[in-house]
Amino acid sequence: MSTACAEIENTSQVIVPHGVAILEGPVRSDYLDLLAFDEKLNNFRQPDKQKAALKEIAGLPEGMVYIVRAGLKVVGYVTFLPPDRYSRWSKHPRVLELGAIEVSPDWREYKLARKLLELAFSNPVFEEYIVISIEFCWHWDLRNTGLDVWQYQKILTRLFGSVGMQQELTDDPDILEHIANVLMVRYGKRVPQEDIELFKEMLFMGK
Ligand SMILES: CC(C)(COP(=O)(O)OP(=O)(O)OC[C@H]1O[C@@H](n2cnc3c(N)ncnc32)[C@H](O)[C@@H]1OP(=O)(O)O)[C@@H](O)C(=O)NCCC(=O)NCCS
């Protein structure tokens, strides 16, 4: 564990009623190999499949994975990766996508998601990128939270807003597919103005 661990750039600890949660990243793919995934981390896929997906992202040149760990178990994560090559955003030179954020149900509402985003965005590399998050409402965990779609949308826009992401209107067909879907965007401080302008032009492509 020590060699893989030595590569982690940033880490912090949060004490919650279940114990100590370690927040760290970006983590390497071989480090994830050493960890189990909480069995309730199944919002997007089954934990073993999600672990494989996170390992792949951590191995991409621009991919980054930040995790919440309890001992040797991953109980939360957030991922960043280049946009899907079929999406309009992949045509932009400086867009990185926040692919997913998930905290296991037993570990929720202790501000772990908020603190994990805070830790990730303290990495200066994000100032070089426009970070987007395409929020599909069919991915939201309405069942476990008991929230309705509008309440859930509100907590997510506030959560992402806590690290400087803002909602942008767009005619991206993925977003238009449901009225509750949201595009969240964060403009890094060192993104050149022409790249910001290009991104804003790409918000509406009339398709
Ligand atoms: C969304 C999610 C990551 C939040 O994780 P979390 O660690 O519980 O979030 P936090 O404790 O940091 O809370 C963040 C904010 O949301 C609010 N919140 C979180 N869950 C809530 C709930 N069930 N009811 C009301 N508010 C809630 C918190 O009060 C907090 O608000 P504040 O900081 O403005 O006071 C978690 O619920 C989850 O994994 N959901 C399934 C996956 C998902 O929907 N991901 C988002 C789309 S990619």
# chains A, B, ... in the order shown; residues from 1 in each chain; ligands from 1
>>> residues_around(residues="stretch 134-148 of chain A", least_positions_apart="5", cutoff="7 Å", atoms="only C-alpha atoms", output="ChimeraX atom specification")
/A:43-44,180-184
>>> write_last_selection(atoms="N, CA and C atoms", output="mmCIF file, in the first residue's frame")
data_model
loop_
_atom_site.group_PDB
_atom_site.id
_atom_site.type_symbol
_atom_site.label_atom_id
_atom_site.label_comp_id
_atom_site.auth_asym_id
_atom_site.auth_seq_id
_atom_site.Cartn_x
_atom_site.Cartn_y
_atom_site.Cartn_z
ATOM 1 N N ASN A 43 -25.336 3.135 -6.750
ATOM 2 C CA ASN A 43 -26.287 4.032 -7.401
ATOM 3 C C ASN A 43 -26.181 3.984 -8.929
ATOM 4 N N PHE A 44 -24.976 3.870 -9.445
ATOM 5 C CA PHE A 44 -24.775 3.897 -10.900
ATOM 6 C C PHE A 44 -24.606 2.497 -11.483
ATOM 7 N N ALA A 180 -35.882 18.411 -15.672
ATOM 8 C CA ALA A 180 -35.122 18.542 -14.402
ATOM 9 C C ALA A 180 -33.610 18.390 -14.612
ATOM 10 N N ASN A 181 -33.184 17.941 -15.801
ATOM 11 C CA ASN A 181 -31.741 17.791 -16.039
ATOM 12 C C ASN A 181 -31.059 19.163 -15.995
ATOM 13 N N VAL A 182 -29.814 19.165 -15.566
ATOM 14 C CA VAL A 182 -29.109 20.435 -15.391
ATOM 15 C C VAL A 182 -27.674 20.295 -15.896
ATOM 16 N N LEU A 183 -27.183 21.352 -16.547
ATOM 17 C CA LEU A 183 -25.756 21.438 -16.875
ATOM 18 C C LEU A 183 -25.107 22.396 -15.880
ATOM 19 N N MET A 184 -24.128 21.884 -15.133
ATOM 20 C CA MET A 184 -23.388 22.724 -14.182
ATOM 21 C C MET A 184 -21.991 22.962 -14.762
#
>>> residues_around(residues="A:Val68", least_positions_apart="3", cutoff="7 Å", atoms="only C-alpha atoms", output="PyMOL selection string")
chain A and resi 21-24+74-77
>>> select_by_dssp(residues="stretch 23-185 of chain A", states="strand (DSSP E)", output="JSON list (two decimals) with C-alpha atoms, in the first residue's frame")
[["chain", "number", "residue", "atom", "x", "y", "z"],
["A", 23, "LEU", "CA", -10.69, 11.95, 1.84],
["A", 24, "GLU", "CA", -7.90, 11.66, -0.72],
["A", 25, "GLY", "CA", -6.88, 12.00, -4.31],
["A", 36, "ALA", "CA", -12.78, -2.82, -1.37],
["A", 37, "PHE", "CA", -15.89, -0.92, -2.47],
["A", 64, "MET", "CA", -8.86, 11.89, -11.83],
["A", 65, "VAL", "CA", -10.54, 10.02, -9.01],
["A", 66, "TYR", "CA", -10.92, 11.31, -5.46],
["A", 67, "ILE", "CA", -12.23, 8.95, -2.82],
["A", 68, "VAL", "CA", -13.69, 8.80, 0.66],
["A", 69, "ARG", "CA", -12.19, 5.82, 2.45],
["A", 70, "ALA", "CA", -13.02, 4.14, 5.75],
["A", 73, "LYS", "CA", -13.10, 0.41, 2.05],
["A", 74, "VAL", "CA", -14.15, 3.08, -0.44],
["A", 75, "VAL", "CA", -17.40, 4.68, 0.77],
["A", 76, "GLY", "CA", -17.52, 7.59, -1.65],
["A", 77, "TYR", "CA", -15.88, 9.04, -4.73],
["A", 78, "VAL", "CA", -15.92, 11.73, -7.38],
["A", 79, "THR", "CA", -14.54, 11.29, -10.88],
["A", 80, "PHE", "CA", -13.25, 13.68, -13.57],
["A", 81, "LEU", "CA", -12.62, 12.63, -17.15],
["A", 95, "VAL", "CA", -13.50, 20.74, -21.00],
["A", 96, "LEU", "CA", -13.28, 18.13, -18.29],
["A", 97, "GLU", "CA", -16.39, 16.37, -17.06],
["A", 98, "LEU", "CA", -17.26, 15.60, -13.47],
["A", 99, "GLY", "CA", -18.57, 12.15, -14.29],
["A", 100, "ALA", "CA", -20.13, 11.08, -11.01],
["A", 101, "ILE", "CA", -20.16, 11.72, -7.30],
["A", 102, "GLU", "CA", -21.49, 9.11, -4.91],
["A", 103, "VAL", "CA", -21.44, 8.55, -1.18],
["A", 130, "ILE", "CA", -13.87, 24.28, -17.78],
["A", 131, "VAL", "CA", -15.43, 21.55, -15.64],
["A", 132, "ILE", "CA", -18.93, 20.45, -16.54],
["A", 133, "SER", "CA", -21.38, 18.12, -14.88],
["A", 134, "ILE", "CA", -24.31, 16.82, -16.91],
["A", 135, "GLU", "CA", -26.91, 16.09, -14.28],
["A", 166, "GLN", "CA", -23.03, 27.34, -11.87],
["A", 167, "GLN", "CA", -26.02, 26.29, -13.89],
["A", 168, "GLU", "CA", -25.84, 27.12, -17.62],
["A", 182, "VAL", "CA", -29.11, 20.43, -15.39],
["A", 183, "LEU", "CA", -25.76, 21.44, -16.87],
["A", 184, "MET", "CA", -23.39, 22.72, -14.18],
["A", 185, "VAL", "CA", -20.21, 24.54, -15.23]]
>>> closest_residue(among="A:Tyr86, A:Phe204, A:Trp107, A:Tyr31", to="ligand 1", atoms="only C-alpha atoms and all ligand atoms")
A:Trp107
>>> residues_around(residues="A:Ser87", least_positions_apart="2", cutoff="10 Å", atoms="only C-alpha atoms", output="VMD selection string")
chain A and resid 83 to 85 89 to 91 172 to 174
>>> closest_residue(among="A:Lys40, A:Arg158, A:Arg94, A:Lys55", to="A:Asp195", atoms="only C-alpha atoms")
A:Arg94
>>> atom_distance(atom1="atom 26 (N, counted along the ligand's line) of ligand 1", atom2="atom CA of A:Gln151")
8.1 Å
>>> closest_residue(among="A:Gly164, A:Pro105, A:Gly206, A:Pro93", to="ligand 1", atoms="only C-alpha atoms and all ligand atoms")
A:Pro105
>>> atom_distance(atom1="atom CA of A:His18", atom2="atom CA of A:Arg108")
11.0 Å
>>> residues_around(residues="A:Glu39", least_positions_apart="4", cutoff="9 Å", atoms="only C-alpha atoms", output="list in words")
Gln46, Pro47, Asp48, Val75 and Ser104 of chain A
>>> write_last_selection(atoms="N, CA and C atoms", output="PDB file, in the first residue's frame")
ATOM      1  N   GLN A  46     -23.229  -1.823 -10.049  1.00  0.00           N
ATOM      2  CA  GLN A  46     -22.822  -2.648  -8.915  1.00  0.00           C
ATOM      3  C   GLN A  46     -21.389  -2.264  -8.522  1.00  0.00           C
ATOM      4  N   PRO A  47     -21.046  -2.350  -7.217  1.00  0.00           N
ATOM      5  CA  PRO A  47     -19.742  -1.855  -6.749  1.00  0.00           C
ATOM      6  C   PRO A  47     -18.530  -2.422  -7.501  1.00  0.00           C
ATOM      7  N   ASP A  48     -18.546  -3.717  -7.861  1.00  0.00           N
ATOM      8  CA  ASP A  48     -17.365  -4.262  -8.557  1.00  0.00           C
ATOM      9  C   ASP A  48     -17.203  -3.623  -9.937  1.00  0.00           C
ATOM     10  N   VAL A  75     -15.982   4.424   0.454  1.00  0.00           N
ATOM     11  CA  VAL A  75     -17.395   4.683   0.773  1.00  0.00           C
ATOM     12  C   VAL A  75     -17.933   5.894   0.003  1.00  0.00           C
ATOM     13  N   SER A 104     -21.834   6.406  -0.140  1.00  0.00           N
ATOM     14  CA  SER A 104     -22.662   5.278   0.276  1.00  0.00           C
ATOM     15  C   SER A 104     -23.755   5.748   1.253  1.00  0.00           C
TER      16      SER A 104
END
>>> select_by_dssp(residues="stretch 15-153 of chain A", states="helix (DSSP H, G or I)", output="PyMOL selection string")
chain A and resi 29-33+47-59+88-91+105-107+112-121+124-128+137-139+142-145+149-153
>>> closest_residue(among="A:Ser122, A:Ser29, A:Gln13, A:Gln153", to="ligand 1", atoms="only C-alpha atoms and all ligand atoms")
A:Gln153
>>> atom_distance(atom1="atom CA of A:Lys200", atom2="atom CA of A:Ile175")
15.5 Å
>>> closest_residue(among="A:Thr157, A:Thr170, A:Asn10, A:Gln193", to="ligand 1", atoms="only C-alpha atoms and all ligand atoms")
A:Thr157
